[in-house]
file input.pdb (PDB, C-alpha atoms, pLDDT in the B column)
ATOM      1  CA  MET A 219       0.000   0.000   0.000  1.00 35.00           C
ATOM      2  CA  ARG A 220       1.223   3.487  -0.879  1.00 36.00           C
ATOM      3  CA  PHE A 221      -0.542   6.748  -0.021  1.00 36.00           C
ATOM      4  CA  PRO A 222      -0.313   8.959  -3.137  1.00 37.00           C
ATOM      5  CA  PRO A 223       0.938  12.525  -2.601  1.00 36.00           C
ATOM      6  CA  ALA A 224      -2.384  13.741  -4.039  1.00 32.00           C
ATOM      7  CA  PHE A 225      -4.012  12.984  -0.707  1.00 33.00           C
ATOM      8  CA  ALA A 226      -2.176  15.985   0.733  1.00 34.00           C
ATOM      9  CA  VAL A 227      -3.448  18.498  -1.804  1.00 33.00           C
ATOM     10  CA  VAL A 228      -7.102  19.259  -1.143  1.00 33.00           C
ATOM     11  CA  LEU A 229      -8.767  18.263   2.112  1.00 38.00           C
ATOM     12  CA  ALA A 230     -12.279  18.548   0.691  1.00 32.00           C
ATOM     13  CA  VAL A 231     -11.453  16.009  -2.012  1.00 33.00           C
ATOM     14  CA  THR A 232      -9.727  13.609   0.341  1.00 40.00           C
ATOM     15  CA  LEU A 233     -12.664  13.720   2.718  1.00 38.00           C
ATOM     16  CA  ALA A 234     -14.903  12.529  -0.082  1.00 36.00           C
ATOM     17  CA  ILE A 235     -12.472   9.690  -0.809  1.00 38.00           C
ATOM     18  CA  ALA A 236     -12.294   8.895   2.891  1.00 40.00           C
ATOM     19  CA  ALA A 237     -16.052   8.593   3.140  1.00 41.00           C
ATOM     20  CA  CYS A 238     -15.976   5.896   0.469  1.00 42.00           C
ATOM     21  CA  ALA A 239     -13.039   4.157   2.109  1.00 39.00           C
ATOM     22  CA  VAL A 240     -14.715   3.882   5.494  1.00 41.00           C
ATOM     23  CA  ASP A 241     -17.596   2.038   3.828  1.00 47.00           C
ATOM     24  CA  ASP A 242     -15.082  -0.479   2.465  1.00 55.00           C
ATOM     25  CA  ALA A 243     -14.318  -3.078   5.110  1.00 60.00           C
ATOM     26  CA  ASP A 244     -10.959  -3.785   3.435  1.00 74.00           C
ATOM     27  CA  ARG A 245      -9.647  -0.244   3.906  1.00 86.00           C
ATOM     28  CA  VAL A 246      -8.568   1.907   6.810  1.00 93.00           C
ATOM     29  CA  THR A 247      -8.940   5.698   6.664  1.00 96.00           C
ATOM     30  CA  VAL A 248      -6.193   7.580   8.496  1.00 96.00           C
ATOM     31  CA  PHE A 249      -6.336  11.279   9.346  1.00 98.00           C
ATOM     32  CA  ALA A 250      -2.720  12.430   9.818  1.00 97.00           C
ATOM     33  CA  ALA A 251      -0.970  15.676  10.741  1.00 95.00           C
ATOM     34  CA  SER A 252       0.566  17.389   7.718  1.00 92.00           C
ATOM     35  CA  SER A 253       4.038  17.149   9.266  1.00 93.00           C
ATOM     36  CA  LEU A 254       3.792  13.383   8.675  1.00 96.00           C
ATOM     37  CA  THR A 255       3.373  13.860   4.916  1.00 93.00           C
ATOM     38  CA  ASP A 256       6.888  12.756   3.998  1.00 91.00           C
ATOM     39  CA  VAL A 257       6.812   9.593   6.135  1.00 95.00           C
ATOM     40  CA  ILE A 258       3.234   8.347   5.713  1.00 94.00           C
ATOM     41  CA  ASP A 259       3.859   6.731   2.335  1.00 92.00           C
ATOM     42  CA  ASP A 260       6.793   4.654   3.613  1.00 95.00           C
ATOM     43  CA  LEU A 261       4.850   3.687   6.741  1.00 95.00           C
ATOM     44  CA  ALA A 262       1.973   2.590   4.535  1.00 92.00           C
ATOM     45  CA  GLU A 263       4.188   0.465   2.311  1.00 93.00           C
ATOM     46  CA  ARG A 264       5.733  -1.351   5.268  1.00 94.00           C
ATOM     47  CA  TRP A 265       2.326  -1.716   6.941  1.00 93.00           C
ATOM     48  CA  GLU A 266       0.894  -3.543   3.959  1.00 92.00           C
ATOM     49  CA  ALA A 267       4.053  -5.635   3.592  1.00 93.00           C
ATOM     50  CA  ALA A 268       3.496  -6.737   7.193  1.00 90.00           C
ATOM     51  CA  GLY A 269      -0.048  -7.834   6.330  1.00 90.00           C
ATOM     52  CA  GLY A 270      -1.910  -4.628   7.095  1.00 89.00           C
ATOM     53  CA  PRO A 271      -4.983  -3.507   5.130  1.00 90.00           C
ATOM     54  CA  LYS A 272      -4.997  -0.931   2.380  1.00 89.00           C
ATOM     55  CA  GLY A 273      -5.670   2.625   3.470  1.00 84.00           C
ATOM     56  CA  VAL A 274      -6.630   6.160   2.595  1.00 90.00           C
ATOM     57  CA  ALA A 275      -4.684   9.038   4.143  1.00 93.00           C
ATOM     58  CA  VAL A 276      -6.204  12.463   4.797  1.00 96.00           C
ATOM     59  CA  LEU A 277      -3.480  14.991   5.604  1.00 95.00           C
ATOM     60  CA  GLY A 278      -3.852  18.444   7.121  1.00 93.00           C
ATOM     61  CA  GLY A 279      -3.322  20.622  10.159  1.00 91.00           C
ATOM     62  CA  SER A 280      -4.126  18.602  13.286  1.00 94.00           C
ATOM     63  CA  ASN A 281      -6.689  21.109  14.502  1.00 92.00           C
ATOM     64  CA  HIS A 282      -8.472  21.185  11.147  1.00 93.00           C
ATOM     65  CA  LEU A 283      -8.610  17.395  11.034  1.00 96.00           C
ATOM     66  CA  ALA A 284      -9.951  17.245  14.594  1.00 96.00           C
ATOM     67  CA  ALA A 285     -12.677  19.733  13.651  1.00 95.00           C
ATOM     68  CA  GLN A 286     -13.631  17.577  10.664  1.00 96.00           C
ATOM     69  CA  LEU A 287     -13.847  14.523  12.903  1.00 97.00           C
ATOM     70  CA  ARG A 288     -16.043  16.345  15.415  1.00 95.00           C
ATOM     71  CA  ASP A 289     -18.295  17.330  12.513  1.00 95.00           C
ATOM     72  CA  GLY A 290     -18.735  13.675  11.666  1.00 95.00           C
ATOM     73  CA  ALA A 291     -16.071  13.001   9.046  1.00 96.00           C
ATOM     74  CA  PRO A 292     -15.437   9.238   8.903  1.00 95.00           C
ATOM     75  CA  ALA A 293     -12.019   7.938   9.918  1.00 96.00           C
ATOM     76  CA  ASP A 294     -10.563   4.846  11.528  1.00 96.00           C
ATOM     77  CA  ALA A 295      -7.458   6.433  13.057  1.00 97.00           C
ATOM     78  CA  PHE A 296      -6.101   9.889  13.840  1.00 98.00           C
ATOM     79  CA  LEU A 297      -2.380  10.694  14.011  1.00 98.00           C
ATOM     80  CA  THR A 298      -2.070  14.117  15.603  1.00 97.00           C
ATOM     81  CA  ALA A 299       0.730  16.463  16.613  1.00 94.00           C
ATOM     82  CA  ASP A 300      -1.383  17.589  19.596  1.00 93.00           C
ATOM     83  CA  ALA A 301      -2.806  14.932  21.907  1.00 93.00           C
ATOM     84  CA  ASP A 302      -5.152  17.489  23.501  1.00 92.00           C
ATOM     85  CA  LEU A 303      -7.150  17.474  20.264  1.00 94.00           C
ATOM     86  CA  LEU A 304      -8.280  13.933  21.093  1.00 94.00           C
ATOM     87  CA  ASP A 305     -10.493  15.227  23.915  1.00 90.00           C
ATOM     88  CA  GLY A 306     -14.045  14.266  23.074  1.00 88.00           C
ATOM     89  CA  LEU A 307     -12.968  12.100  20.142  1.00 92.00           C
ATOM     90  CA  LEU A 308     -11.779   9.036  22.039  1.00 88.00           C
ATOM     91  CA  SER A 309     -14.245   7.425  24.418  1.00 83.00           C
ATOM     92  CA  ASP A 310     -11.966   4.549  25.463  1.00 87.00           C
ATOM     93  CA  PRO A 311      -8.331   5.721  25.883  1.00 89.00           C
ATOM     94  CA  THR A 312      -6.920   2.253  26.564  1.00 91.00           C
ATOM     95  CA  PRO A 313      -3.508   1.215  25.139  1.00 88.00           C
ATOM     96  CA  ALA A 314      -5.236  -0.562  22.233  1.00 89.00           C
ATOM     97  CA  ASN A 315      -6.867   2.744  21.220  1.00 95.00           C
ATOM     98  CA  LEU A 316      -4.216   5.335  22.111  1.00 96.00           C
ATOM     99  CA  ILE A 317      -0.461   5.697  21.750  1.00 96.00           C
ATOM    100  CA  GLN A 318       1.032   8.771  23.375  1.00 94.00           C
ATOM    101  CA  GLY A 319       4.368   9.753  21.857  1.00 94.00           C
ATOM    102  CA  PHE A 320       4.851   7.309  18.995  1.00 96.00           C
ATOM    103  CA  ALA A 321       7.164   9.942  17.461  1.00 96.00           C
ATOM    104  CA  TYR A 322       8.736  13.263  18.406  1.00 94.00           C
ATOM    105  CA  ASN A 323       9.811  16.318  16.440  1.00 93.00           C
ATOM    106  CA  HIS A 324      11.273  19.753  17.067  1.00 92.00           C
ATOM    107  CA  LEU A 325      11.206  23.147  15.410  1.00 94.00           C
ATOM    108  CA  VAL A 326      13.970  24.807  13.415  1.00 95.00           C
ATOM    109  CA  VAL A 327      14.303  28.080  11.546  1.00 97.00           C
ATOM    110  CA  ALA A 328      14.703  27.185   7.871  1.00 98.00           C
ATOM    111  CA  MET A 329      15.582  29.070   4.719  1.00 98.00           C
ATOM    112  CA  PRO A 330      15.971  28.320   0.991  1.00 97.00           C
ATOM    113  CA  SER A 331      19.287  26.567   0.427  1.00 96.00           C
ATOM    114  CA  ASP A 332      20.360  29.200  -2.110  1.00 95.00           C
ATOM    115  CA  GLY A 333      19.737  32.096   0.263  1.00 95.00           C
ATOM    116  CA  PRO A 334      22.386  34.341   1.871  1.00 96.00           C
ATOM    117  CA  ASP A 335      23.947  33.594   5.247  1.00 96.00           C
ATOM    118  CA  ARG A 336      21.637  34.240   8.176  1.00 97.00           C
ATOM    119  CA  ASN A 337      22.009  34.458  11.953  1.00 97.00           C
ATOM    120  CA  PRO A 338      19.634  34.302  14.957  1.00 96.00           C
ATOM    121  CA  GLY A 339      19.280  38.079  14.957  1.00 96.00           C
ATOM    122  CA  ASP A 340      17.523  37.836  11.590  1.00 97.00           C
ATOM    123  CA  LEU A 341      14.440  36.435  13.336  1.00 96.00           C
ATOM    124  CA  HIS A 342      13.710  40.006  14.402  1.00 96.00           C
ATOM    125  CA  ASN A 343      14.767  41.681  11.165  1.00 97.00           C
ATOM    126  CA  ARG A 344      11.604  43.302   9.826  1.00 96.00           C
ATOM    127  CA  ASP A 345      13.186  43.686   6.392  1.00 97.00           C
ATOM    128  CA  LEU A 346      12.971  39.900   5.967  1.00 97.00           C
ATOM    129  CA  ASP A 347       9.842  37.880   5.260  1.00 98.00           C
ATOM    130  CA  LEU A 348       9.267  35.411   8.110  1.00 98.00           C
ATOM    131  CA  VAL A 349       6.498  32.812   7.891  1.00 98.00           C
ATOM    132  CA  ALA A 350       5.215  30.458  10.564  1.00 97.00           C
ATOM    133  CA  CYS A 351       2.188  28.374  11.465  1.00 96.00           C
ATOM    134  CA  ALA A 352      -0.928  29.998  12.863  1.00 94.00           C
ATOM    135  CA  ARG A 353      -1.379  29.712  16.615  1.00 90.00           C
ATOM    136  CA  GLU A 354      -4.321  27.309  16.404  1.00 85.00           C
ATOM    137  CA  VAL A 355      -2.213  24.495  14.909  1.00 88.00           C
ATOM    138  CA  PRO A 356       0.426  22.583  16.929  1.00 89.00           C
ATOM    139  CA  CYS A 357       3.417  23.999  15.051  1.00 91.00           C
ATOM    140  CA  GLY A 358       2.106  27.511  15.690  1.00 92.00           C
ATOM    141  CA  ASP A 359       1.538  26.958  19.405  1.00 90.00           C
ATOM    142  CA  THR A 360       5.010  25.454  19.707  1.00 91.00           C
ATOM    143  CA  THR A 361       6.541  28.358  17.764  1.00 93.00           C
ATOM    144  CA  TRP A 362       5.007  30.820  20.219  1.00 91.00           C
ATOM    145  CA  ALA A 363       6.099  28.774  23.250  1.00 89.00           C
ATOM    146  CA  TRP A 364       9.663  28.412  21.974  1.00 89.00           C
ATOM    147  CA  PHE A 365      10.370  31.744  20.267  1.00 91.00           C
ATOM    148  CA  GLY A 366       7.842  34.113  21.818  1.00 90.00           C
ATOM    149  CA  ASP A 367       6.585  37.155  19.934  1.00 92.00           C
ATOM    150  CA  LEU A 368       8.198  37.474  16.495  1.00 95.00           C
ATOM    151  CA  PRO A 369       7.593  39.867  13.572  1.00 96.00           C
ATOM    152  CA  ILE A 370       5.878  37.196  11.492  1.00 97.00           C
ATOM    153  CA  ASP A 371       4.700  38.344   8.069  1.00 96.00           C
ATOM    154  CA  SER A 372       2.389  35.449   7.284  1.00 96.00           C
ATOM    155  CA  TYR A 373       0.649  32.878   9.472  1.00 96.00           C
ATOM    156  CA  GLU A 374       0.000  29.644   7.577  1.00 96.00           C
ATOM    157  CA  PRO A 375      -2.654  26.969   8.280  1.00 92.00           C
ATOM    158  CA  SER A 376      -0.139  24.099   8.450  1.00 91.00           C
ATOM    159  CA  VAL A 377       3.584  23.465   8.504  1.00 93.00           C
ATOM    160  CA  ARG A 378       3.362  22.195   4.932  1.00 93.00           C
ATOM    161  CA  ALA A 379       2.103  25.600   3.878  1.00 95.00           C
ATOM    162  CA  VAL A 380       5.163  27.197   5.504  1.00 97.00           C
ATOM    163  CA  VAL A 381       7.410  24.738   3.655  1.00 96.00           C
ATOM    164  CA  THR A 382       5.673  25.590   0.379  1.00 96.00           C
ATOM    165  CA  ARG A 383       6.236  29.323   0.889  1.00 97.00           C
ATOM    166  CA  LEU A 384       9.941  28.639   1.407  1.00 97.00           C
ATOM    167  CA  ASP A 385      10.118  26.266  -1.573  1.00 95.00           C
ATOM    168  CA  LEU A 386       8.588  28.920  -3.817  1.00 96.00           C
ATOM    169  CA  GLY A 387      11.010  31.595  -2.623  1.00 95.00           C
ATOM    170  CA  GLU A 388       8.143  33.606  -1.120  1.00 96.00           C
ATOM    171  CA  ALA A 389       9.799  33.868   2.298  1.00 97.00           C
ATOM    172  CA  ASP A 390      13.307  34.475   3.606  1.00 98.00           C
ATOM    173  CA  LEU A 391      12.852  32.448   6.785  1.00 98.00           C
ATOM    174  CA  GLY A 392      10.267  29.977   8.021  1.00 98.00           C
ATOM    175  CA  ILE A 393       9.734  28.052  11.239  1.00 97.00           C
ATOM    176  CA  VAL A 394       9.167  24.391  10.416  1.00 96.00           C
ATOM    177  CA  TYR A 395       9.913  20.951  11.829  1.00 94.00           C
ATOM    178  CA  ALA A 396      13.396  19.485  11.605  1.00 93.00           C
ATOM    179  CA  THR A 397      11.964  16.613   9.558  1.00 94.00           C
ATOM    180  CA  ASP A 398      10.744  19.079   6.915  1.00 94.00           C
ATOM    181  CA  VAL A 399      14.277  20.326   6.358  1.00 95.00           C
ATOM    182  CA  ALA A 400      15.653  16.781   6.308  1.00 92.00           C
ATOM    183  CA  ALA A 401      13.136  15.799   3.611  1.00 91.00           C
ATOM    184  CA  ARG A 402      13.699  18.703   1.222  1.00 92.00           C
ATOM    185  CA  PRO A 403      17.067  19.408  -0.439  1.00 92.00           C
ATOM    186  CA  GLY A 404      15.905  22.935  -1.255  1.00 95.00           C
ATOM    187  CA  LEU A 405      15.761  23.871   2.442  1.00 97.00           C
ATOM    188  CA  VAL A 406      18.450  24.184   5.085  1.00 97.00           C
ATOM    189  CA  GLN A 407      18.606  25.276   8.680  1.00 96.00           C
ATOM    190  CA  ALA A 408      19.215  29.014   8.664  1.00 97.00           C
ATOM    191  CA  TRP A 409      22.070  28.574  11.169  1.00 96.00           C
ATOM    192  CA  PRO A 410      23.242  25.743  13.444  1.00 94.00           C
ATOM    193  CA  GLN A 411      20.442  24.976  15.886  1.00 91.00           C
ATOM    194  CA  ASP A 412      20.189  22.735  18.916  1.00 81.00           C
ATOM    195  CA  SER A 413      18.410  19.475  18.112  1.00 73.00           C
ATOM    196  CA  ALA A 414      18.335  18.143  21.668  1.00 60.00           C
ATOM    197  CA  CYS A 415      14.712  19.060  22.351  1.00 68.00           C
ATOM    198  CA  PRO A 416      11.980  17.169  20.467  1.00 58.00           C
ATOM    199  CA  CYS A 417       9.219  19.543  21.518  1.00 79.00           C
ATOM    200  CA  VAL A 418       6.259  18.016  19.683  1.00 90.00           C
ATOM    201  CA  ALA A 419       4.901  14.591  20.647  1.00 93.00           C
ATOM    202  CA  TYR A 420       2.645  12.771  18.181  1.00 96.00           C
ATOM    203  CA  ALA A 421      -0.271  10.702  19.415  1.00 97.00           C
ATOM    204  CA  ALA A 422      -2.173   8.002  17.549  1.00 97.00           C
ATOM    205  CA  ALA A 423      -5.810   7.176  18.298  1.00 97.00           C
ATOM    206  CA  ALA A 424      -7.944   4.334  16.984  1.00 96.00           C
ATOM    207  CA  LEU A 425     -11.444   5.651  16.329  1.00 96.00           C
ATOM    208  CA  THR A 426     -12.805   2.278  15.167  1.00 94.00           C
ATOM    209  CA  ASN A 427     -11.823  -1.334  15.643  1.00 91.00           C
ATOM    210  CA  ARG A 428     -10.158  -1.248  12.230  1.00 91.00           C
ATOM    211  CA  GLY A 429      -7.966   1.627  13.344  1.00 94.00           C
ATOM    212  CA  ARG A 430      -6.388  -0.574  15.976  1.00 93.00           C
ATOM    213  CA  SER A 431      -4.414  -2.397  13.282  1.00 92.00           C
ATOM    214  CA  LEU A 432      -2.505   0.810  12.536  1.00 93.00           C
ATOM    215  CA  LEU A 433      -1.759   1.447  16.200  1.00 94.00           C
ATOM    216  CA  ALA A 434      -0.474  -2.092  16.583  1.00 94.00           C
ATOM    217  CA  PHE A 435       1.840  -1.512  13.628  1.00 95.00           C
ATOM    218  CA  LEU A 436       3.125   1.812  15.020  1.00 95.00           C
ATOM    219  CA  ASN A 437       4.312  -0.097  18.087  1.00 93.00           C
ATOM    220  CA  THR A 438       6.607  -2.324  16.004  1.00 96.00           C
ATOM    221  CA  PRO A 439      10.370  -1.922  15.404  1.00 96.00           C
ATOM    222  CA  VAL A 440       9.633  -1.745  11.666  1.00 96.00           C
ATOM    223  CA  ALA A 441       7.504   1.385  12.089  1.00 97.00           C
ATOM    224  CA  ARG A 442      10.024   2.972  14.430  1.00 96.00           C
ATOM    225  CA  ASP A 443      12.798   2.349  11.905  1.00 97.00           C
ATOM    226  CA  VAL A 444      10.759   4.091   9.200  1.00 97.00           C
ATOM    227  CA  LEU A 445      10.101   7.077  11.464  1.00 97.00           C
ATOM    228  CA  THR A 446      13.742   7.471  12.478  1.00 96.00           C
ATOM    229  CA  SER A 447      14.854   7.200   8.833  1.00 95.00           C
ATOM    230  CA  HIS A 448      12.756  10.321   8.195  1.00 95.00           C
ATOM    231  CA  GLY A 449      14.330  12.224  11.075  1.00 92.00           C
ATOM    232  CA  PHE A 450      11.723  11.612  13.765  1.00 94.00           C
ATOM    233  CA  VAL A 451      12.705  10.629  17.283  1.00 92.00           C
ATOM    234  CA  THR A 452      10.848   7.629  18.721  1.00 92.00           C
ATOM    235  CA  GLU A 453      11.887   8.000  22.364  1.00 86.00           C
ATOM    236  CA  PRO A 454      11.250  11.057  24.568  1.00 80.00           C
ATOM    237  CA  SER A 455      14.294  13.114  25.506  1.00 69.00           C
ATOM    238  CA  SER A 456      15.589  12.544  29.003  1.00 59.00           C
TER
END
call {"tool": "encode", "arguments": {"input": "input.pdb", "output": "structure tokens"}}
result
Amino acid sequence: MRFPPAFAVVLAVTLAIAACAVDDADRVTVFAASSLTDVIDDLAERWEAAGGPKGVAVLGGSNHLAAQLRDGAPADAFLTADADLLDGLLSDPTPANLIQGFAYNHLVVAMPSDGPDRNPGDLHNRDLDLVACAREVPCGDTTWAWFGDLPIDSYEPSVRAVVTRLDLGEADLGIVYATDVAARPGLVQAWPQDSACPCVAYAAAALTNRGRSLLAFLNTPVARDVLTSHGFVTEPSS
């Protein structure tokens, strides 16, 4: 099983696909945080190779996905960058239905790889275009908690939108996850940055019995190897 990149393009379209998939007993619909975009396809391939069912991935900002679920969007599992968003979505938070911290990530200040040299003082340089996630999504809340008040020019609805602005040369600096920089040769860290703090913990919730198969897979060494190969940390920092 491979999750085509097209699933990440338009949420409205993927929700329609997901509705069909949930009616198919042979498929599992997975709502996943957009920061998992680069790893979800490899996870899916290894999941099916291990005997898992085929699936449909719906990717987006964790808060937007949670809102869709509360509005009745069908899904079997939810992989979120903010465990608090599971409140009211998970009636039975037992280990079979919930994994807290199956992966960890941290923020970095990124820039296009062909840009000029930068330094930490440039975060407050109002002559530069700085983009970051909006406060209501996990990457935005973490940006505020870590960096405080910054002269941000554009608040984006997901970390993938920040990455896109950088890819297109529409921003000088952007605050993204370390895994985003690792996955894209066109981006680099704007200056050497401490990687000792994985500040974002991902949680996985099974919303149906079928979703439990994904959670069981995420607990395997195979899944952890895939996550670490994409730059995620699978153990909390001490």
call {"tool": "closest_residue", "arguments": {"input": "input.pdb", "among": "A:Leu297, A:Val326, A:Val381, A:Ile258", "to": "Ala423 (chain A)", "atoms": "all atoms listed in the file"}}
result
A:Leu297
call {"tool": "axis_aligned_box", "arguments": {"input": "input.pdb", "around": "region 255-268 of chain A", "padding_each_side": "4 Å", "output": "AutoDock Vina command-line options"}}
result
--center_x 3.9 --center_y 3.6 --center_z 4.8 --size_x 14.0 --size_y 28.6 --size_z 12.9
call {"tool": "closest_residue", "arguments": {"input": "input.pdb", "among": "A:Cys357, A:Leu346, A:Ala421, A:Leu287", "to": "Ser253 (chain A)", "atoms": "all atoms listed in the file"}}
result
A:Cys357
call {"tool": "resolve_selection", "arguments": {"input": "input.pdb", "expression": "the PyMOL selection byres ((chain A and resi 247) around 6)", "output": "ChimeraX atom specification"}}
result
/A:236,246,248,273-275,293-294
call {"tool": "residues_around", "arguments": {"input": "input.pdb", "residues": "Gly269 (chain A)", "least_positions_apart": "5", "cutoff": "10 Å", "atoms": "only C-alpha atoms", "output": "list of chain:residue names"}}
result
A:Arg264, A:Ser431, A:Phe435
call {"tool": "write_last_selection", "arguments": {"input": "input.pdb", "atoms": "C-alpha atoms", "output": "CSV table (one decimal), in the frame of the given file"}}
result
chain,number,residue,atom,x,y,z
A,264,ARG,CA,5.7,-1.4,5.3
A,431,SER,CA,-4.4,-2.4,13.3
A,435,PHE,CA,1.8,-1.5,13.6
call {"tool": "residues_around", "arguments": {"input": "input.pdb", "residues": "Ala352 (chain A)", "least_positions_apart": "2", "cutoff": "8 Å", "atoms": "all atoms listed in the file", "output": "PyMOL selection string"}}
result
chain A and resi 350+354-355+357-359+373-376
call {"tool": "atom_distance", "arguments": {"input": "input.pdb", "atom1": "CA of Asp443 (chain A)", "atom2": "CA of Arg430 (chain A)"}}
result
19.8 Å
